[in-house]
Amino acid sequence: MAWLSVALLAVPLLGALLLLLAPHRLRPLLHTYGLTLSGLTLALAALMAATFDYSRGARPQFEVDRAWIPGLGLRFHLGVDGISLPLIVLTALLTFLCFVYLCWGAARRGFVGARPRALVFTLLVLEVGMIGTFLALDLLLFFVFFEIVLIPMYFVIGIWGGEGRRAASVKFILYTLLGSVVMLLGLLLVWAQTGTLDIEALSAAHGAGMARSVQILAFVAIGIGLAVKTPMWPLHTWLPDAHTEAPTVGSVLLAGVLLKMGTYGFARIAIPVLPEGAMAVAPWLGAFAVVGIIYGALACLAQRDLKRMIAYSSVGHMGFVLLGFATLTPVGINGALFANVAHGLITGLLFFLAGAIKDRYHTADMPSLGGGMLATLPRLGSVLTFAAIASLGLPGLAGFWGEMLALFGAFQPANGLPRALFLTYMAIGGLGAVLTAAYFLVMLSRVTHGRPRLDEREGVTPDERPVVPLGSTARRSATATLQPPPRPEPYSGQNKPPNPTEPGTPPDHAASSGDDAYLEDSGPLSGGALLGGAESPGGPQRATGAPGQQVADDIRSYELLAWTPLMVLILLFGLWPGLLLSLTTPAVQTLLGAVS
């Protein structure tokens, strides 16, 4: 079954190449092309999970080991173990759901978008890099895949992003490339000391052949490169801008997968290959982790923009992951790996929801949303509430177990680490968990609760809204007694968004904000067509109440298709954490054999 590892890379890669070789023939099929290829990749990932030998989860399976560059002793070495398998499935799932979100809603009216072929090509190449990073068992091959993802994500942000896309994309590429240069120096130092780049052999050697000082230097260099991608405070400053300006699918993949590539590198390379370096740097890693937890929570409390708040929440959540790694215990590292997967599911769902809210309200500014979403859009408000309480760590949902295990690992760190210091880290992390709950509850109070803000031009108060009888066939609010308040009017000739082709903005960037960027190749918006089959930039509008009062529709069918798998997995891993922990535990014990 070794062919599965190659097939996972070959399917999206060949699909991307076909778009270059036969663009005109494939153009009529673009609305299903990416969906089909990502669906096939997901099916291969599911087959890999189904045929994986869980009794041997600590050892690489589906291995491919071929000479790559014989003159340098480099090999094309791929494999999967209990650490990488969940992340491969997560990557395939999120990529497929992104294509569902992009393509399904527009399929009935034709595939529309700004440079649709380029977007499909970019996402397929991005998928190759993400999956390849988790499959690679050679240090240089890992680095190649690690870098492949930067270019497509740069274009996703820079072409299909919001108004500040250029600055955000440049900041993203500069930070990550500089971090990667430092990481490459660390990898080359390991190669110079050991004579091999094979991750499997290096992990089995447990740092043999490298002096303690060399291990510390290599760990710091590799760790800096991984910390930029994670991101770890204070190397996180590229993240909020990238998330805020990226389109919805870009934010989902950036938070759901790309951040995991940094934390995965600690588990796959830094800790097992450089055990003495890990032991020496662990207290510092824990310190940066807990500062990131508190900083991320406080930054979230200060945010007005919903996407920016979710972006800063990732800094805090990744702090818990790094704290788990810093403990160098089976409990802590298992918690870190669990939190990795849980964060990908929950934050991916949160960014999907943020995109849907911005699509309907034309803004992600929380005070401007006016509150009362549970009354006006009850299903969307309910899913947002579910995702928020999952992210704040409510027991019974996936967000709880990883953070709890990371804190528990800090209670009893590995032998040789200062327990008093890690107890302090545990207390600070516990405070961060409280602040995490605080900023999510503040967000819900601003967005989903309270009375909906009425259009001031209507001159009515909430108490003056007409009552809808309980037995009436009219559309009802969550209370089934009051009509929903008017929503912002759809853009029209008199009320339209700023001209996206103002001087300084290229015509091909006609749509410059989020998913609204997905417009016709030939030029500006025509007929209000929007990705997802919407009738207007605000989505299909349904009249309610007095003439002229409009309200955006609730969850659409393609959104439900994209979000339901994430909600099911969040609930499943929350109620049955052993499903994931039983997979990672054997691999973690082998990984820590070097440290112990």
# chains A, B, ... in the order shown; residues from 1 in each chain; ligands from 1

$ residues_around --residues "Phe219 in chain A" --least-positions-apart "2" --cutoff "9 Å" --atoms "only C-alpha atoms" --output "short mmCIF file (atom, residue, chain, number, x, y, z; two decimals) with all heavy atoms, in the first residue's frame"
data_model
loop_
_atom_site.label_atom_id
_atom_site.label_comp_id
_atom_site.auth_asym_id
_atom_site.auth_seq_id
_atom_site.Cartn_x
_atom_site.Cartn_y
_atom_site.Cartn_z
N GLY A 186 19.85 25.35 10.52
CA GLY A 186 19.80 24.31 11.55
C GLY A 186 19.80 22.91 10.97
O GLY A 186 20.48 22.00 11.47
N VAL A 214 26.03 21.68 20.19
CA VAL A 214 25.57 21.65 18.80
C VAL A 214 24.07 21.40 18.75
O VAL A 214 23.34 22.02 17.96
CB VAL A 214 26.33 20.57 18.01
CG1 VAL A 214 25.74 20.41 16.62
CG2 VAL A 214 27.81 20.92 17.93
N GLN A 215 23.58 20.51 19.59
CA GLN A 215 22.15 20.22 19.63
C GLN A 215 21.35 21.46 20.04
O GLN A 215 20.29 21.75 19.48
CB GLN A 215 21.85 19.07 20.59
CG GLN A 215 22.32 17.72 20.10
CD GLN A 215 21.68 16.58 20.88
OE1 GLN A 215 20.52 16.66 21.28
NE2 GLN A 215 22.45 15.53 21.13
N ILE A 216 21.87 22.19 21.02
CA ILE A 216 21.16 23.40 21.45
C ILE A 216 21.10 24.42 20.32
O ILE A 216 20.05 25.02 20.03
CB ILE A 216 21.84 24.01 22.71
CG1 ILE A 216 21.69 23.07 23.90
CG2 ILE A 216 21.26 25.38 23.02
CD1 ILE A 216 22.46 23.50 25.13
N LEU A 217 22.22 24.62 19.64
CA LEU A 217 22.27 25.58 18.55
C LEU A 217 21.34 25.16 17.41
O LEU A 217 20.59 25.99 16.86
CB LEU A 217 23.71 25.70 18.03
CG LEU A 217 23.95 26.72 16.91
CD1 LEU A 217 23.56 28.11 17.36
CD2 LEU A 217 25.42 26.67 16.46
N ALA A 221 17.88 27.10 16.07
CA ALA A 221 17.74 27.51 14.68
C ALA A 221 16.50 26.89 14.04
O ALA A 221 15.70 27.59 13.40
CB ALA A 221 19.00 27.12 13.89
N ILE A 222 16.34 25.58 14.22
CA ILE A 222 15.16 24.91 13.66
C ILE A 222 13.90 25.42 14.34
O ILE A 222 12.87 25.66 13.69
CB ILE A 222 15.30 23.38 13.81
CG1 ILE A 222 16.46 22.87 12.96
CG2 ILE A 222 14.00 22.68 13.41
CD1 ILE A 222 16.80 21.41 13.20
N GLY A 223 13.97 25.62 15.65
CA GLY A 223 12.80 26.07 16.39
C GLY A 223 12.34 27.46 15.97
O GLY A 223 11.13 27.72 15.94
N ILE A 224 13.26 28.35 15.63
CA ILE A 224 12.86 29.69 15.19
C ILE A 224 12.06 29.60 13.89
O ILE A 224 11.01 30.24 13.74
CB ILE A 224 14.10 30.59 15.01
CG1 ILE A 224 14.67 30.95 16.37
CG2 ILE A 224 13.74 31.85 14.23
CD1 ILE A 224 15.98 31.73 16.29
N ALA A 270 12.49 18.38 15.78
CA ALA A 270 13.26 19.07 16.82
C ALA A 270 13.42 18.24 18.09
O ALA A 270 14.53 18.10 18.61
CB ALA A 270 12.60 20.42 17.14
N ILE A 271 12.35 17.67 18.61
CA ILE A 271 12.43 16.95 19.89
C ILE A 271 13.11 15.59 19.74
O ILE A 271 14.04 15.28 20.50
CB ILE A 271 11.04 16.83 20.52
CG1 ILE A 271 10.52 18.23 20.90
CG2 ILE A 271 11.07 15.93 21.75
CD1 ILE A 271 9.10 18.24 21.44
N LEU A 274 16.95 16.06 18.35
CA LEU A 274 17.83 16.87 19.20
C LEU A 274 17.36 16.83 20.65
O LEU A 274 16.92 17.85 21.20
CB LEU A 274 17.85 18.32 18.67
CG LEU A 274 18.23 18.48 17.19
CD1 LEU A 274 17.83 19.85 16.69
CD2 LEU A 274 19.72 18.23 17.00
N PRO A 275 17.41 15.67 21.29
CA PRO A 275 16.82 15.55 22.64
C PRO A 275 17.50 16.42 23.69
O PRO A 275 16.82 17.02 24.54
CB PRO A 275 16.96 14.07 22.96
CG PRO A 275 18.06 13.58 22.06
CD PRO A 275 17.98 14.40 20.83
N GLY A 277 19.16 19.21 23.16
CA GLY A 277 18.78 20.58 22.85
C GLY A 277 17.37 20.89 23.31
O GLY A 277 17.10 21.99 23.83
N ALA A 278 16.45 19.92 23.15
CA ALA A 278 15.08 20.12 23.61
C ALA A 278 15.02 20.29 25.12
O ALA A 278 14.29 21.15 25.64
CB ALA A 278 14.22 18.93 23.16
N VAL A 281 16.30 23.84 26.04
CA VAL A 281 15.49 24.98 25.57
C VAL A 281 14.06 24.92 26.09
O VAL A 281 13.35 25.93 26.05
CB VAL A 281 15.53 25.03 24.02
CG1 VAL A 281 14.68 26.17 23.48
CG2 VAL A 281 16.96 25.16 23.52
#

$ closest_atom_pairs --of "range 275-378 of chain A" --to "range 427-430 of chain A" --cutoff "8 Å" --atoms "only C-alpha atoms" --output "JSON lines"
{"residue": "A:Val290", "atom": "CA", "partner": "A:Gly429", "partner_atom": "CA", "distance": 5.8}
{"residue": "A:Ile293", "atom": "CA", "partner": "A:Gly429", "partner_atom": "CA", "distance": 6.6}
{"residue": "A:Ile294", "atom": "CA", "partner": "A:Gly429", "partner_atom": "CA", "distance": 7.6}
{"residue": "A:Phe320", "atom": "CA", "partner": "A:Gly429", "partner_atom": "CA", "distance": 7.5}

$ select_by_dssp --residues "range 221-265 of chain A" --states "helix (DSSP H, G or I)" --output "ChimeraX atom specification"
/A:221-229,238-245,248-265

$ write_last_selection --atoms "N, CA and C atoms" --output "compact mmCIF listing (two decimals), in the first residue's frame"
# COMPACT_ATOMS: atom_id res chain seq x y z
N ALA A 221 17.88 27.10 16.07
CA ALA A 221 17.74 27.51 14.68
C ALA A 221 16.50 26.89 14.04
N ILE A 222 16.34 25.58 14.22
CA ILE A 222 15.16 24.91 13.66
C ILE A 222 13.90 25.42 14.34
N GLY A 223 13.97 25.62 15.65
CA GLY A 223 12.80 26.07 16.39
C GLY A 223 12.34 27.46 15.97
N ILE A 224 13.26 28.35 15.63
CA ILE A 224 12.86 29.69 15.19
C ILE A 224 12.06 29.60 13.89
N GLY A 225 12.54 28.79 12.96
CA GLY A 225 11.81 28.61 11.71
C GLY A 225 10.43 28.03 11.92
N LEU A 226 10.33 27.05 12.81
CA LEU A 226 9.03 26.45 13.10
C LEU A 226 8.13 27.41 13.88
N ALA A 227 8.74 28.21 14.79
CA ALA A 227 7.96 29.13 15.61
C ALA A 227 7.32 30.24 14.79
N VAL A 228 7.98 30.66 13.72
CA VAL A 228 7.38 31.68 12.84
C VAL A 228 6.11 31.14 12.21
N LYS A 229 6.14 29.89 11.77
CA LYS A 229 4.97 29.30 11.11
C LYS A 229 3.89 28.95 12.11
N TRP A 238 2.80 38.66 11.69
CA TRP A 238 2.29 38.52 10.33
C TRP A 238 0.90 37.92 10.30
N LEU A 239 0.51 37.20 11.35
CA LEU A 239 -0.70 36.38 11.31
C LEU A 239 -1.99 37.20 11.27
N PRO A 240 -2.21 38.19 12.17
CA PRO A 240 -3.49 38.91 12.13
C PRO A 240 -3.78 39.57 10.79
N ASP A 241 -2.78 40.20 10.19
CA ASP A 241 -3.00 40.85 8.89
C ASP A 241 -3.30 39.82 7.82
N ALA A 242 -2.58 38.71 7.82
CA ALA A 242 -2.81 37.67 6.81
C ALA A 242 -4.22 37.11 6.92
N HIS A 243 -4.68 36.83 8.13
CA HIS A 243 -6.02 36.29 8.32
C HIS A 243 -7.09 37.32 7.97
N THR A 244 -6.87 38.56 8.37
CA THR A 244 -7.89 39.58 8.14
C THR A 244 -8.09 39.83 6.65
N GLU A 245 -7.02 39.83 5.87
CA GLU A 245 -7.11 40.15 4.45
C GLU A 245 -7.35 38.92 3.58
N THR A 248 -11.97 33.72 2.62
CA THR A 248 -12.39 32.72 3.60
C THR A 248 -11.61 31.42 3.47
N VAL A 249 -11.47 30.91 2.24
CA VAL A 249 -10.76 29.63 2.08
C VAL A 249 -9.30 29.77 2.47
N GLY A 250 -8.71 30.93 2.20
CA GLY A 250 -7.33 31.15 2.62
C GLY A 250 -7.17 31.14 4.12
N SER A 251 -8.09 31.79 4.82
CA SER A 251 -8.04 31.81 6.29
C SER A 251 -8.24 30.42 6.86
N VAL A 252 -9.16 29.64 6.27
CA VAL A 252 -9.42 28.29 6.77
C VAL A 252 -8.18 27.42 6.65
N LEU A 253 -7.53 27.43 5.49
CA LEU A 253 -6.35 26.59 5.29
C LEU A 253 -5.14 27.12 6.06
N LEU A 254 -5.04 28.43 6.18
CA LEU A 254 -3.93 29.00 6.92
C LEU A 254 -4.00 28.61 8.39
N ALA A 255 -5.18 28.76 8.99
CA ALA A 255 -5.34 28.43 10.41
C ALA A 255 -5.44 26.93 10.63
N GLY A 256 -6.14 26.25 9.71
CA GLY A 256 -6.41 24.84 9.93
C GLY A 256 -5.25 23.92 9.64
N VAL A 257 -4.35 24.32 8.72
CA VAL A 257 -3.27 23.42 8.31
C VAL A 257 -1.90 24.06 8.41
N LEU A 258 -1.72 25.26 7.83
CA LEU A 258 -0.37 25.82 7.76
C LEU A 258 0.24 26.06 9.13
N LEU A 259 -0.55 26.49 10.09
CA LEU A 259 0.00 26.67 11.44
C LEU A 259 0.43 25.34 12.04
N LYS A 260 -0.25 24.26 11.66
CA LYS A 260 0.07 22.94 12.20
C LYS A 260 1.40 22.42 11.67
N MET A 261 1.82 22.94 10.53
CA MET A 261 3.10 22.51 9.98
C MET A 261 4.25 22.92 10.89
N GLY A 262 4.12 24.08 11.54
CA GLY A 262 5.15 24.51 12.47
C GLY A 262 5.21 23.65 13.71
N THR A 263 4.05 23.40 14.33
CA THR A 263 4.03 22.58 15.55
C THR A 263 4.39 21.12 15.23
N TYR A 264 3.99 20.64 14.06
CA TYR A 264 4.35 19.28 13.66
C TYR A 264 5.86 19.11 13.57
N GLY A 265 6.56 20.15 13.13
CA GLY A 265 8.01 20.07 13.02
C GLY A 265 8.68 19.84 14.36

$ residues_around --residues "Thr590 in chain A" --least-positions-apart "6" --cutoff "10 Å" --atoms "only C-alpha atoms" --output "PyMOL selection string"
chain A and resi 57-59+203-204+272+330

$ write_last_selection --atoms "N, CA and C atoms" --output "tab-separated table (two decimals), in the first residue's frame"
chain	number	residue	atom	x	y	z
A	57	GLY	N	1.37	1.94	15.39
A	57	GLY	CA	1.26	3.37	15.13
A	57	GLY	C	2.54	4.14	15.36
A	58	ALA	N	3.50	3.56	16.08
A	58	ALA	CA	4.76	4.25	16.35
A	58	ALA	C	5.74	4.13	15.20
A	59	ARG	N	5.49	3.23	14.26
A	59	ARG	CA	6.44	3.01	13.17
A	59	ARG	C	5.84	3.53	11.86
A	203	SER	N	16.07	10.05	14.26
A	203	SER	CA	15.26	9.86	15.46
A	203	SER	C	15.71	8.62	16.23
A	204	ALA	N	16.07	7.57	15.51
A	204	ALA	CA	16.53	6.35	16.17
A	204	ALA	C	17.89	6.57	16.84
A	272	PRO	N	12.71	14.73	18.78
A	272	PRO	CA	13.36	13.41	18.73
A	272	PRO	C	14.78	13.44	18.19
A	330	PRO	N	4.74	12.40	27.98
A	330	PRO	CA	3.72	11.81	27.11
A	330	PRO	C	2.38	12.54	27.21

$ select_by_dssp --residues "range 19-200 of chain A" --states "strand (DSSP E or B)" --output "PyMOL selection string"
chain A and resi 61-69+74-80+136+138+198

$ closest_atom_pairs --of "range 165-191 of chain A" --to "range 134-152 of chain A" --cutoff "9 Å" --atoms "only C-alpha atoms" --output "tab-separated table"
residue	atom	partner	partner_atom	distance
A:Phe172	CA	A:Leu150	CA	8.5
A:Ile173	CA	A:Leu150	CA	6.7
A:Thr176	CA	A:Leu150	CA	7.6
A:Leu177	CA	A:Glu147	CA	8.0
A:Ser180	CA	A:Glu147	CA	7.7
A:Met183	CA	A:Phe143	CA	8.6
A:Leu184	CA	A:Phe143	CA	7.4
A:Leu187	CA	A:Leu139	CA	6.9
A:Leu188	CA	A:Leu140	CA	8.9
A:Trp191	CA	A:Leu139	CA	8.8

$ closest_residue --among "A:Thr32, A:Thr91, A:Gln303, A:Ser391" --to "Ile570 in chain A" --atoms "only C-alpha atoms"
A:Ser391

$ residues_around --residues "Phe288 in chain A" --least-positions-apart "2" --cutoff "10 Å" --atoms "only C-alpha atoms" --output "list in words"
Met232, Trp233, Pro234, Ala282, Pro283, Trp284, Leu285, Gly286, Val290, Val291, Gly292, Ile293, Gly319, Leu322, Leu323 and Tyr425 of chain A

$ write_last_selection --atoms "N, CA and C atoms" --output "tab-separated table (two decimals), in the first residue's frame"
chain	number	residue	atom	x	y	z
A	232	MET	N	4.55	31.58	17.16
A	232	MET	CA	4.82	31.76	18.58
A	232	MET	C	5.11	33.24	18.84
A	233	TRP	N	4.57	33.75	19.94
A	233	TRP	CA	4.92	35.11	20.34
A	233	TRP	C	6.43	35.16	20.59
A	234	PRO	N	7.16	36.17	20.15
A	234	PRO	CA	6.74	37.41	19.48
A	234	PRO	C	6.90	37.38	17.97
A	282	ALA	N	13.62	23.75	26.61
A	282	ALA	CA	12.23	23.58	27.01
A	282	ALA	C	11.72	24.66	27.98
A	283	PRO	N	12.47	25.06	29.03
A	283	PRO	CA	11.95	26.12	29.91
A	283	PRO	C	11.70	27.43	29.17
A	284	TRP	N	12.57	27.78	28.21
A	284	TRP	CA	12.36	28.99	27.43
A	284	TRP	C	11.17	28.85	26.50
A	285	LEU	N	11.02	27.67	25.91
A	285	LEU	CA	9.87	27.43	25.04
A	285	LEU	C	8.57	27.56	25.83
A	286	GLY	N	8.55	27.01	27.05
A	286	GLY	CA	7.36	27.14	27.88
A	286	GLY	C	7.07	28.59	28.23
A	290	VAL	N	3.48	30.54	27.34
A	290	VAL	CA	2.48	31.12	28.24
A	290	VAL	C	2.33	32.62	28.01
A	291	VAL	N	3.41	33.30	27.61
A	291	VAL	CA	3.26	34.71	27.24
A	291	VAL	C	2.33	34.84	26.04
A	292	GLY	N	2.48	33.93	25.08
A	292	GLY	CA	1.59	33.93	23.92
A	292	GLY	C	0.15	33.66	24.30
A	293	ILE	N	-0.07	32.79	25.27
A	293	ILE	CA	-1.44	32.49	25.72
A	293	ILE	C	-2.10	33.75	26.28
A	319	GLY	N	-0.17	28.63	21.76
A	319	GLY	CA	0.62	28.69	22.99
A	319	GLY	C	0.42	27.45	23.84
A	322	LEU	N	2.45	24.64	22.24
A	322	LEU	CA	3.88	24.76	22.54
A	322	LEU	C	4.17	24.43	24.00
A	323	LEU	N	3.27	24.79	24.90
A	323	LEU	CA	3.45	24.45	26.32
A	323	LEU	C	3.45	22.93	26.50
A	425	TYR	N	4.01	28.13	35.01
A	425	TYR	CA	3.46	28.13	33.65
A	425	TYR	C	2.04	27.57	33.65

$ closest_residue --among "A:Leu349, A:Leu123, A:Val273, A:Ala7" --to "Leu78 in chain A" --atoms "only C-alpha atoms"
A:Ala7

$ closest_residue --among "A:Glu276, A:Asp53, A:Glu163, A:Glu559" --to "Leu328 in chain A" --atoms "only C-alpha atoms"
A:Glu276

$ residues_around --residues "range 311-314 of chain A" --least-positions-apart "3" --cutoff "6 Å" --atoms "only C-alpha atoms" --output "list in words"
Pro240, Gly296, Cys300, Arg308, His317 and Met318 of chain A

$ write_last_selection --atoms "all heavy atoms" --output "PDB file, in the first residue's frame"
ATOM      1  N   PRO A 240      -2.206  38.195  12.166  1.00  0.00           N
ATOM      2  CA  PRO A 240      -3.490  38.909  12.132  1.00  0.00           C
ATOM      3  C   PRO A 240      -3.778  39.566  10.788  1.00  0.00           C
ATOM      4  O   PRO A 240      -4.911  39.491  10.285  1.00  0.00           O
ATOM      5  CB  PRO A 240      -3.340  39.944  13.257  1.00  0.00           C
ATOM      6  CG  PRO A 240      -2.317  39.364  14.173  1.00  0.00           C
ATOM      7  CD  PRO A 240      -1.357  38.636  13.298  1.00  0.00           C
ATOM      8  N   GLY A 296      -2.318  36.614  23.492  1.00  0.00           N
ATOM      9  CA  GLY A 296      -3.374  36.346  22.519  1.00  0.00           C
ATOM     10  C   GLY A 296      -4.748  36.628  23.084  1.00  0.00           C
ATOM     11  O   GLY A 296      -5.608  37.205  22.407  1.00  0.00           O
ATOM     12  N   CYS A 300      -7.317  39.604  21.882  1.00  0.00           N
ATOM     13  CA  CYS A 300      -8.676  39.280  21.422  1.00  0.00           C
ATOM     14  C   CYS A 300      -9.704  40.178  22.096  1.00  0.00           C
ATOM     15  O   CYS A 300     -10.690  40.607  21.472  1.00  0.00           O
ATOM     16  CB  CYS A 300      -8.996  37.815  21.701  1.00  0.00           C
ATOM     17  SG  CYS A 300      -8.167  36.659  20.601  1.00  0.00           S
ATOM     18  N   ARG A 308     -10.096  39.241  12.797  1.00  0.00           N
ATOM     19  CA  ARG A 308      -8.864  39.560  13.508  1.00  0.00           C
ATOM     20  C   ARG A 308      -8.868  38.953  14.909  1.00  0.00           C
ATOM     21  O   ARG A 308      -7.830  38.506  15.413  1.00  0.00           O
ATOM     22  CB  ARG A 308      -8.682  41.076  13.569  1.00  0.00           C
ATOM     23  CG  ARG A 308      -7.253  41.516  13.797  1.00  0.00           C
ATOM     24  CD  ARG A 308      -7.096  43.010  13.585  1.00  0.00           C
ATOM     25  NE  ARG A 308      -5.705  43.412  13.692  1.00  0.00           N
ATOM     26  CZ  ARG A 308      -4.843  43.401  12.697  1.00  0.00           C
ATOM     27  NH1 ARG A 308      -5.232  43.015  11.503  1.00  0.00           N
ATOM     28  NH2 ARG A 308      -3.583  43.779  12.877  1.00  0.00           N
ATOM     29  N   HIS A 317      -4.101  29.737  21.352  1.00  0.00           N
ATOM     30  CA  HIS A 317      -4.278  28.285  21.275  1.00  0.00           C
ATOM     31  C   HIS A 317      -2.975  27.576  20.914  1.00  0.00           C
ATOM     32  O   HIS A 317      -2.673  26.504  21.452  1.00  0.00           O
ATOM     33  CB  HIS A 317      -5.360  27.947  20.250  1.00  0.00           C
ATOM     34  CG  HIS A 317      -6.743  28.291  20.705  1.00  0.00           C
ATOM     35  ND1 HIS A 317      -7.278  27.821  21.879  1.00  0.00           N
ATOM     36  CD2 HIS A 317      -7.705  29.066  20.157  1.00  0.00           C
ATOM     37  CE1 HIS A 317      -8.514  28.284  22.023  1.00  0.00           C
ATOM     38  NE2 HIS A 317      -8.787  29.046  20.992  1.00  0.00           N
ATOM     39  N   MET A 318      -2.209  28.152  20.011  1.00  0.00           N
ATOM     40  CA  MET A 318      -0.916  27.557  19.682  1.00  0.00           C
ATOM     41  C   MET A 318       0.053  27.657  20.863  1.00  0.00           C
ATOM     42  O   MET A 318       0.984  26.866  20.985  1.00  0.00           O
ATOM     43  CB  MET A 318      -0.314  28.229  18.457  1.00  0.00           C
ATOM     44  CG  MET A 318      -1.043  27.927  17.160  1.00  0.00           C
ATOM     45  SD  MET A 318      -0.978  26.176  16.682  1.00  0.00           S
ATOM     46  CE  MET A 318      -2.588  25.624  17.235  1.00  0.00           C
TER      47      MET A 318
END

$ atom_distance --atom1 "CA of Val588 in chain A" --atom2 "CA of Gly82 in chain A"
8.4 Å

$ closest_residue --among "A:Ala302, A:Ile269, A:Leu178, A:Ile88" --to "His206 in chain A" --atoms "only C-alpha atoms"
A:Ile269

$ atom_distance --atom1 "CA of Thr95 in chain A" --atom2 "CA of Ala167 in chain A"
25.3 Å

$ atom_distance --atom1 "CA of Met567 in chain A" --atom2 "CA of Ser84 in chain A"
21.9 Å

$ decode --residues "range 261-266 of chain A" --atoms "all heavy atoms" --output "tab-separated table (two decimals), in the first residue's frame"
chain	number	residue	atom	x	y	z
A	261	MET	N	1.82	22.94	10.53
A	261	MET	CA	3.10	22.51	9.98
A	261	MET	C	4.25	22.92	10.89
A	261	MET	O	5.24	22.20	11.03
A	261	MET	CB	3.29	23.10	8.58
A	261	MET	CG	2.31	22.54	7.56
A	261	MET	SD	2.22	23.49	6.03
A	261	MET	CE	3.91	23.47	5.52
A	262	GLY	N	4.12	24.08	11.54
A	262	GLY	CA	5.15	24.51	12.47
A	262	GLY	C	5.21	23.65	13.71
A	262	GLY	O	6.28	23.18	14.12
A	263	THR	N	4.05	23.40	14.33
A	263	THR	CA	4.03	22.58	15.55
A	263	THR	C	4.39	21.12	15.23
A	263	THR	O	5.04	20.45	16.04
A	263	THR	CB	2.65	22.64	16.21
A	263	THR	OG1	1.63	22.32	15.24
A	263	THR	CG2	2.37	24.04	16.74
A	264	TYR	N	3.99	20.64	14.06
A	264	TYR	CA	4.35	19.28	13.66
A	264	TYR	C	5.86	19.11	13.57
A	264	TYR	O	6.40	18.05	13.92
A	264	TYR	CB	3.69	18.96	12.31
A	264	TYR	CG	4.15	17.66	11.68
A	264	TYR	CD1	3.66	16.44	12.14
A	264	TYR	CD2	5.07	17.66	10.64
A	264	TYR	CE1	4.07	15.24	11.55
A	264	TYR	CE2	5.48	16.48	10.05
A	264	TYR	CZ	4.98	15.27	10.51
A	264	TYR	OH	5.40	14.10	9.93
A	265	GLY	N	6.56	20.15	13.13
A	265	GLY	CA	8.01	20.07	13.02
A	265	GLY	C	8.68	19.84	14.36
A	265	GLY	O	9.72	19.16	14.44
A	266	PHE	N	8.11	20.40	15.45
A	266	PHE	CA	8.67	20.13	16.77
A	266	PHE	C	8.57	18.64	17.12
A	266	PHE	O	9.50	18.05	17.67
A	266	PHE	CB	7.95	20.96	17.83
A	266	PHE	CG	8.39	22.40	17.88
A	266	PHE	CD1	7.65	23.38	17.28
A	266	PHE	CD2	9.56	22.76	18.54
A	266	PHE	CE1	8.05	24.72	17.31
A	266	PHE	CE2	9.98	24.07	18.59
A	266	PHE	CZ	9.22	25.06	17.96
